[in-house]
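Engineer: Just one file: entry-v4.txt, with compact mmCIF, C-alpha atoms and all ligand atoms.
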# COMPACT_ATOMS: atom_id res chain seq x y z
CA MET A 3 145.98 96.07 82.24
CA GLY A 4 145.99 98.44 79.26
CA PRO A 5 144.07 101.65 78.85
CA VAL A 6 141.20 99.85 77.12
CA SER A 7 140.36 97.72 80.13
CA ASN A 8 140.60 100.78 82.40
CA VAL A 9 138.06 102.48 80.21
CA ALA A 10 135.93 99.33 80.31
CA ARG A 11 136.09 99.28 84.11
CA GLU A 12 135.15 102.95 84.35
CA ILE A 13 132.16 102.35 82.12
CA LEU A 14 131.11 99.43 84.30
CA GLU A 15 131.58 101.32 87.56
CA GLY A 16 129.89 104.43 86.22
CA ALA A 17 126.97 102.51 84.75
CA GLN A 18 123.51 102.55 86.25
CA SER A 19 122.42 99.46 88.12
CA VAL A 20 121.65 96.72 85.60
CA GLY A 21 118.64 95.68 87.65
CA GLU A 22 117.43 92.77 89.73
CA VAL A 23 115.61 89.75 88.33
CA LEU A 24 112.34 89.03 90.16
CA LEU A 25 111.17 85.44 89.59
CA ALA A 26 107.43 84.75 89.48
CA ARG A 27 105.60 82.61 92.02
CA GLU A 28 102.58 80.52 91.04
CA VAL A 29 99.29 81.42 92.71
CA PRO A 30 95.84 79.86 92.07
CA LEU A 31 93.27 82.48 91.04
CA GLY A 32 90.50 81.38 93.44
CA GLY A 33 88.70 78.05 93.89
CA PRO A 34 89.33 74.45 92.82
CA ARG A 35 90.54 73.85 89.23
CA ALA A 36 91.66 77.45 89.36
CA LEU A 37 93.62 79.24 86.69
CA MET A 38 97.24 79.44 87.87
CA VAL A 39 98.85 82.86 87.59
CA ARG A 40 102.53 83.83 87.74
CA ARG A 41 102.84 86.74 90.17
CA THR A 42 105.91 88.98 90.08
CA LEU A 43 104.55 91.94 92.10
CA PRO A 44 104.33 92.36 94.99
CA HIS A 45 107.63 90.49 95.44
CA ARG A 46 109.51 89.66 98.63
CA VAL A 47 112.33 92.02 97.65
CA ARG A 48 110.27 94.66 95.81
CA ARG A 49 106.69 95.67 96.60
CA MET A 50 106.08 98.19 93.80
CA ILE A 51 107.56 99.64 90.62
CA GLY A 52 106.30 103.22 90.38
CA PRO A 53 102.56 102.96 91.22
CA TRP A 54 102.39 99.34 89.91
CA CYS A 55 101.58 97.18 92.93
CA PHE A 56 100.36 93.93 91.36
CA VAL A 57 101.47 91.97 88.26
CA ASP A 58 99.84 88.64 87.35
CA HIS A 59 100.68 86.79 84.11
CA TYR A 60 98.62 83.75 83.11
CA GLY A 61 98.57 81.24 80.26
CA PRO A 62 98.66 80.22 77.51
CA ASP A 63 96.20 77.92 79.30
CA SER A 64 92.89 76.19 78.56
CA THR A 65 91.70 76.50 82.20
CA PRO A 66 88.67 78.81 82.23
CA MET A 67 88.84 82.10 84.10
CA VAL A 68 85.82 82.37 86.39
CA VAL A 69 86.13 85.27 88.82
CA PRO A 70 82.75 86.01 90.52
CA PRO A 71 81.83 89.56 91.60
CA HIS A 72 84.40 91.03 93.98
CA PRO A 73 85.23 94.60 95.06
CA HIS A 74 88.20 96.91 94.52
CA THR A 75 89.17 100.21 96.15
CA GLY A 76 92.00 102.71 95.76
CA LEU A 77 93.44 101.28 92.54
CA GLN A 78 93.08 100.84 88.79
CA THR A 79 92.85 97.35 87.30
CA VAL A 80 94.48 96.85 83.90
CA SER A 81 93.41 93.83 81.83
CA TRP A 82 95.50 92.93 78.78
CA LEU A 83 95.37 89.84 76.56
CA PHE A 84 97.88 88.20 74.23
CA ASP A 85 95.34 85.50 73.28
CA GLY A 86 91.69 84.74 74.03
CA GLU A 87 88.68 86.77 75.15
CA ILE A 88 87.41 87.86 78.58
CA GLU A 89 84.08 89.40 79.47
CA HIS A 90 84.04 92.14 82.10
CA ARG A 91 80.87 93.01 84.04
CA ASP A 92 80.82 95.67 86.76
CA SER A 93 78.57 97.33 89.33
CA LEU A 94 78.23 100.43 87.11
CA GLY A 95 76.45 98.27 84.51
CA ASN A 96 79.35 97.99 82.06
CA LEU A 97 79.56 94.79 80.03
CA GLN A 98 82.67 94.68 77.86
CA MET A 99 84.40 91.92 75.92
CA ILE A 100 88.16 92.37 75.69
CA LYS A 101 90.36 90.92 72.92
CA PRO A 102 94.15 90.93 72.36
CA GLY A 103 95.53 94.41 71.79
CA GLN A 104 92.66 96.11 73.64
CA LEU A 105 92.77 97.69 77.08
CA ASN A 106 90.18 97.29 79.82
CA LEU A 107 90.96 99.88 82.50
CA MET A 108 88.83 100.07 85.63
CA THR A 109 89.44 102.97 88.00
CA ALA A 110 88.02 101.73 91.28
CA GLY A 111 88.39 105.00 93.20
CA ARG A 112 86.23 104.77 96.34
CA SER A 113 84.74 101.36 95.33
CA ILE A 114 83.53 99.20 92.44
CA ALA A 115 82.75 95.51 91.98
CA HIS A 116 83.34 93.40 88.88
CA ALA A 117 83.33 89.85 87.54
CA GLU A 118 85.62 88.43 84.86
CA LEU A 119 84.85 85.38 82.73
CA SER A 120 86.82 83.82 79.88
CA ARG A 121 84.88 83.50 76.61
CA SER A 122 87.49 81.51 74.67
CA SER A 123 89.08 78.06 74.88
CA THR A 124 92.54 79.42 75.67
CA LEU A 125 93.75 82.47 77.57
CA HIS A 126 97.06 84.29 77.76
CA GLY A 127 97.20 87.66 79.45
CA LEU A 128 98.00 90.02 82.26
CA GLN A 129 96.18 91.58 85.17
CA LEU A 130 97.93 94.55 86.76
CA TRP A 131 97.01 97.01 89.47
CA VAL A 132 98.00 100.67 89.69
CA ALA A 133 97.82 102.25 93.18
CA LEU A 134 96.01 105.60 93.14
CA PRO A 135 97.67 108.50 94.95
CA ASP A 136 95.82 109.86 97.97
CA GLU A 137 94.25 112.82 96.13
CA SER A 138 92.59 110.57 93.52
CA ARG A 139 91.81 107.39 95.42
CA HIS A 140 88.39 108.57 96.70
CA GLN A 141 87.08 109.53 93.23
CA GLU A 142 83.94 108.07 91.67
CA PRO A 143 84.61 104.73 89.95
CA HIS A 144 84.70 104.54 86.15
CA PHE A 145 85.51 102.06 83.41
CA GLU A 146 87.29 102.55 80.07
CA HIS A 147 87.70 100.28 77.06
CA HIS A 148 90.34 101.27 74.50
CA ALA A 149 90.20 99.26 71.26
CA GLU A 150 92.72 101.54 69.50
CA LEU A 151 96.02 102.40 71.15
CA PRO A 152 99.08 104.32 69.94
CA VAL A 153 102.06 102.30 68.71
CA LEU A 154 105.72 103.37 68.85
CA ARG A 155 107.25 101.63 65.83
CA THR A 156 110.87 101.34 64.70
CA GLU A 157 112.74 98.86 62.47
CA ASP A 158 113.62 96.88 65.59
CA PHE A 159 110.44 96.84 67.68
CA SER A 160 106.79 97.81 68.04
CA ALA A 161 105.49 99.05 71.38
CA THR A 162 101.72 99.28 71.91
CA LEU A 163 101.21 101.94 74.55
CA LEU A 164 98.41 101.10 77.02
CA MET A 165 98.94 103.93 79.46
CA GLY A 166 101.13 107.00 79.87
CA GLU A 167 104.02 107.97 77.58
CA LEU A 168 106.72 106.16 75.65
CA GLY A 169 108.96 107.98 73.16
CA ASP A 170 106.73 110.45 71.29
CA GLN A 171 103.54 108.45 71.91
CA ARG A 172 100.88 109.11 74.54
CA SER A 173 97.96 106.84 75.48
CA PRO A 174 94.44 108.30 75.92
CA ALA A 175 93.84 106.13 79.03
CA ALA A 176 93.23 107.92 82.35
CA THR A 177 96.26 108.09 84.65
CA TYR A 178 96.72 109.76 88.05
CA SER A 179 100.52 109.78 88.40
CA PRO A 180 103.37 109.72 85.83
CA LEU A 181 103.53 106.18 84.50
CA CYS A 182 103.84 103.96 81.44
CA ALA A 183 102.66 100.52 80.31
CA ALA A 184 103.53 99.02 76.93
CA GLU A 185 103.56 95.68 75.12
CA ILE A 186 106.82 95.32 73.19
CA THR A 187 107.41 92.96 70.24
CA LEU A 188 110.89 92.65 68.73
CA HIS A 189 111.33 92.72 64.95
CA SER A 190 115.09 92.07 65.09
CA ALA A 191 117.52 90.61 67.62
CA THR A 192 118.20 93.94 69.38
CA ALA A 193 115.92 96.79 70.37
CA VAL A 194 116.70 100.00 72.24
CA ILE A 195 113.62 101.29 74.07
CA PRO A 196 113.55 104.97 75.11
CA LEU A 197 112.93 105.57 78.82
CA GLN A 198 112.47 108.65 81.04
CA SER A 199 115.26 108.85 83.62
CA GLU A 200 112.98 110.11 86.41
CA LEU A 201 110.73 107.03 86.20
CA GLU A 202 111.54 103.56 87.55
CA TYR A 203 110.82 100.63 85.22
CA GLY A 204 110.25 96.91 85.13
CA LEU A 205 110.35 94.61 82.09
CA LEU A 206 108.42 91.32 82.10
CA ALA A 207 109.56 88.61 79.67
CA ILE A 208 106.30 87.28 78.22
CA SER A 209 107.31 84.64 75.72
CA HIS A 210 111.08 84.03 75.76
CA GLU A 211 114.20 84.59 77.81
CA ALA A 212 116.29 87.61 76.82
CA THR A 213 119.33 89.65 77.76
CA VAL A 214 118.27 93.09 78.99
CA ASN A 215 120.88 95.74 79.85
CA SER A 216 123.40 92.87 80.06
CA ARG A 217 121.30 90.90 82.61
CA HIS A 218 119.88 87.50 81.74
CA LEU A 219 116.09 87.64 82.04
CA PRO A 220 114.40 84.22 82.14
CA ALA A 221 110.99 83.83 80.49
CA HIS A 222 108.17 84.98 82.85
CA ALA A 223 110.56 86.92 85.12
CA LEU A 224 110.38 90.66 85.80
CA LEU A 225 113.53 92.77 85.60
CA ASP A 226 113.42 95.55 88.19
CA LEU A 227 115.43 98.29 86.50
CA GLY A 228 115.03 101.14 88.98
CA ALA A 229 115.20 104.78 87.84
CA GLY A 230 117.94 106.78 86.09
CA HIS A 231 117.88 105.10 82.68
CA THR A 232 117.32 106.92 79.38
CA SER A 233 116.99 103.64 77.46
CA LEU A 234 116.97 99.89 77.85
CA THR A 235 118.46 97.39 75.42
CA ILE A 236 116.81 94.05 74.75
CA PHE A 237 118.69 91.21 73.01
CA GLY A 238 116.09 88.56 72.26
CA ALA A 239 114.46 86.32 69.70
CA PRO A 240 112.77 88.09 66.79
CA SER A 241 109.01 88.34 67.48
CA SER A 242 109.57 87.73 71.22
CA GLN A 243 107.26 89.76 73.48
CA TYR A 244 107.80 91.81 76.65
CA PHE A 245 105.70 94.02 78.87
CA LEU A 246 107.13 97.29 80.17
CA ILE A 247 105.81 99.05 83.28
CA GLY A 248 107.17 102.28 84.69
CA GLY A 249 106.28 105.17 86.91
CA ALA A 250 107.39 107.85 89.29
CA PRO A 251 108.50 106.27 92.60
CA PHE A 252 105.38 105.95 94.77
CA GLU A 253 106.09 107.70 98.06
CA GLU A 254 102.94 106.96 100.08
CA GLU A 255 102.72 104.05 102.50
CA LEU A 256 100.11 101.56 101.33
CA LEU A 257 98.06 98.84 102.88
CA MET A 258 97.12 96.12 100.37
CA TRP A 259 94.73 93.49 101.66
CA TRP A 260 92.62 91.11 99.53
CA ASN A 261 91.28 93.29 96.69
CA PHE A 262 91.55 96.56 98.57
CA VAL A 263 94.26 99.20 98.55
CA GLY A 264 94.00 101.57 101.53
CA ARG A 265 96.16 103.30 104.08
CA THR A 266 95.13 102.06 107.56
CA HIS A 267 93.81 98.92 109.26
CA ASP A 268 90.54 100.63 110.21
CA GLU A 269 89.99 101.83 106.65
CA ILE A 270 90.51 98.32 105.24
CA SER A 271 88.22 96.91 107.92
CA ALA A 272 85.47 99.39 106.93
CA MET A 273 85.97 98.52 103.23
CA ARG A 274 85.54 94.86 104.08
CA GLU A 275 82.37 95.51 106.12
CA ASN A 276 80.89 97.60 103.31
CA TRP A 277 81.43 94.74 100.86
CA GLU A 278 79.98 92.16 103.22
CA ALA A 279 76.91 94.41 103.83
CA GLN A 280 76.72 95.34 100.10
CA HIS A 281 76.80 98.94 101.23
CA GLY A 282 77.73 101.28 98.36
CA TYR A 283 77.76 98.51 95.73
CA ALA A 284 75.14 98.01 93.01
CA ALA A 285 74.73 94.41 91.91
CA VAL A 286 76.91 93.00 89.13
CA ALA A 287 74.85 91.18 86.45
CA TYR A 288 76.09 87.67 87.20
CA GLU A 289 74.45 84.29 87.73
CA GLY A 290 76.05 82.97 90.88
CA GLU A 291 77.38 84.00 94.24
CA ARG A 292 79.66 86.97 94.75
CA LEU A 293 83.03 86.37 96.44
CA PRO A 294 82.87 86.80 100.22
CA ALA A 295 85.75 88.67 101.83
CA PRO A 296 88.12 86.58 103.96
CA GLU A 297 88.21 87.20 107.72
CA MET A 298 90.45 90.06 108.84
CA PRO A 299 93.66 88.83 110.50
CA VAL A 300 93.74 88.82 114.30
CA THR A 301 96.68 91.21 114.36
CA ARG A 302 96.35 94.76 113.03
CA LEU A 303 97.43 95.33 109.45
CA LYS A 304 100.33 97.73 109.11
CA PRO A 305 100.87 100.02 106.11
CA ARG A 306 104.16 99.43 104.29
CA LYS A 307 106.61 101.55 102.39
CA PRO A 308 106.54 100.83 98.64
MN MN A 401 89.36 92.18 90.10
Mind turning the file's structure into structure tokens?

Structural biologist:
Amino acid sequence: MGPVSNVAREILEGAQSVGEVLLAREVPLGGPRALMVRRTLPHRVRRMIGPWCFVDHYGPDSTPMVVPPHPHTGLQTVSWLFDGEIEHRDSLGNLQMIKPGQLNLMTAGRSIAHAELSRSSTLHGLQLWVALPDESRHQEPHFEHHAELPVLRTEDFSATLLMGELGDQRSPAATYSPLCAAEITLHSATAVIPLQSELEYGLLAISHEATVNSRHLPAHALLDLGAGHTSLTIFGAPSSQYFLIGGAPFEEELLMWWNFVGRTHDEISAMRENWEAQHGYAAVAYEGERLPAPEMPVTRLKPRKP
């Protein structure tokens, strides 16, 4: 063994963790003939990345998305499309079409209800949830649509910034803890994306497999990178797409059940009863039945560490 390989070993041993690959599982999005989604968070081995507690990727698919009115609490929903159109209707009276490259961001706070319906023959997109920290989870609900978003552009990649900060860009979308969400498109075979070392990150391969920080990332899988990185390096096909999420490690114990994010069994139970009684919810403009909540489990729900 010469000095070069010793150096190589030191670099390897001193390097940050290269990350763990989280494979998606397929889940039907409600009802018969349902749209199938690929869910990578929460995952058996990793419940959250920063405040990101839910990552669904669907399509390209011609199955319609029909999600009747249903409630949310304690979180933000992030809707993002690569192809197609979805109409959002909520209990505050918002009616908003979303197209590729636009952000629909719904801050549920104490409670909101919405319906989502595809308005195109094919769909390809993401639905993500951000857990709200305790001091902001009881706020009044509100909805934002951002048609124009900042783009971090280099010779090697473009990153459309939905939320938070990336490089010298900052999104106007409302956030309640340090975080980042960006769609990345490669222009060459290699791209080096700037990261903040105090945030933990995940990279979802949208269209193609890639090699990320020397790990093989299959298409549709999420690489859990952890914190401590100042950059990540993607080797992939030119014009391949990725979705980056990041955030400060979320320290609070959470209880996620159905569409609610809370902290205790009794709180979730009260959220469920309020939805069933339509207490605190204005009607969503929608022809059809709202989604009833499932029965609470017989055993008490326990909050979990992120
Ligand atoms: Mn929803």

Engineer: Work out how far apart CA of Ser122 (chain A) and CA of Glu28 (chain A) are and give it in Å to one decimal.

Structural biologist: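 Distance between the two atoms: 22.3 Å.
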
Engineer: Which residue, A:Pro180, A:Pro251, A:Gly127, A:Pro66, has the smallest gap to Met165 (chain A) when you use only C-alpha atoms?

Structural biologist: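 Of A:Pro180, A:Pro251, A:Gly127, A:Pro66, the one nearest Met165 (chain A) is A:Pro180, counting only C-alpha atoms.
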
Engineer: With distances taken over only C-alpha atoms and all ligand atoms, which residue among A:Ala193, A:Leu130, A:Leu24, A:Ala207 lies nearest ligand MN 401 (chain A)?

Structural biologist: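 Checking each of A:Ala193, A:Leu130, A:Leu24, A:Ala207 against ligand MN 401 (chain A), counting only C-alpha atoms and all ligand atoms, the winner is A:Leu130.
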
Engineer: At a cut-off of 7 Å around ligand MN 401 (chain A), and using all atoms listed in the file, what residues come up? Please write them as a list in words.

Structural biologist: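 Written in the requested form, the residues are His72, Pro73, His74, Thr79, His116, Ala117 and Asn261 of chain A.
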
Engineer: Quick one: distance from CA of Gln129 (chain A) to CA of Leu94 (chain A) in Å, one decimal?

Structural biologist: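 We find that CA of Gln129 (chain A) and CA of Leu94 (chain A) lie 20.1 Å from each other.
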
Engineer: Taking only C-alpha atoms into account, name the residue in A:Thr192, A:Tyr244, A:His148, A:Leu201 that is nearest to Asn215 (chain A).

Structural biologist: A:Thr192

Engineer: Pick the closest to Pro30 (chain A) from A:Asp58, A:Glu275, A:Glu89, A:Glu200: which is it, counting all atoms listed in the file?

Structural biologist: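 Result for the nearest residue to Pro30 (chain A): A:Asp58.
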
Engineer: Hey, can you check how far CA of Thr42 (chain A) sits from CA of Glu185 (chain A)?

Structural biologist: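 For CA of Thr42 (chain A) relative to CA of Glu185 (chain A), the distance reads 16.6 Å.
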
Engineer: For Arg27 (chain A), which of A:Arg302, A:Leu224, A:Asn276, A:Ser64 is the closest residue, counting only C-alpha atoms?

Structural biologist: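 So, comparing all the options, the nearest one is A:Leu224.
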
Engineer: Produce a table with one row for each residue of region 110-187 of chain A that has an atom at most 10 Å from any atom of region 226-241 of chain A, each row naming the nearest atom pair and its distance in Å at one decimal; use all atoms listed in the file; arrange rows by chain and rising residue number; format as a tab-separated table.

Structural biologist:
residue	atom	partner	partner_atom	distance
A:Asp158	CA	A:Pro240	CA	8.9
A:Phe159	CA	A:Ser241	CA	8.6
A:Ser160	CA	A:Ser241	CA	9.7
A:Ile186	CA	A:Ser241	CA	9.3
A:Thr187	CA	A:Ser241	CA	5.6

Engineer: Of the candidates A:Met67, A:Ala115, A:Leu164, A:Cys55, which one gets nearest to Trp259 (chain A) if we count only C-alpha atoms?

Structural biologist: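 Smallest separation from Trp259 (chain A) among the options: A:Cys55.
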
Engineer: Taking the point (102.5, 104.2, 100.5) as given in the file, collect each protein or nucleic acid residue that comes within 9 Å of it, counting only C-alpha atoms, and present the set as an NGL selection string.

Structural biologist: :A and (133 or 135 or 252-257 or 264-265 or 305-308)

Engineer: Give me the residues within 12 Å of Thr109 (chain A) as a PyMOL selection string, counting all atoms listed in the file and dropping any in the same chain fewer than 4 places off.

Structural biologist: chain A and resi 73-81+92+94+113-116+131-134+138-147+175-178

Engineer: Just the residues within 7 Å of Leu43 (chain A), please, counting only C-alpha atoms, with nothing from its chain fewer than 3 positions along; format it as a PyMOL selection string.

Structural biologist: chain A and resi 49-50+55-57

Engineer: Would you mind exporting the chosen residues as a PDB file, in the coordinates of the input, restricted to C-alpha atoms?

Structural biologist:
ATOM      1  CA  ARG A  49     106.690  95.670  96.600  1.00  0.00           C
ATOM      2  CA  MET A  50     106.080  98.190  93.800  1.00  0.00           C
ATOM      3  CA  CYS A  55     101.580  97.180  92.930  1.00  0.00           C
ATOM      4  CA  PHE A  56     100.360  93.930  91.360  1.00  0.00           C
ATOM      5  CA  VAL A  57     101.470  91.970  88.260  1.00  0.00           C
TER       6      VAL A  57
END
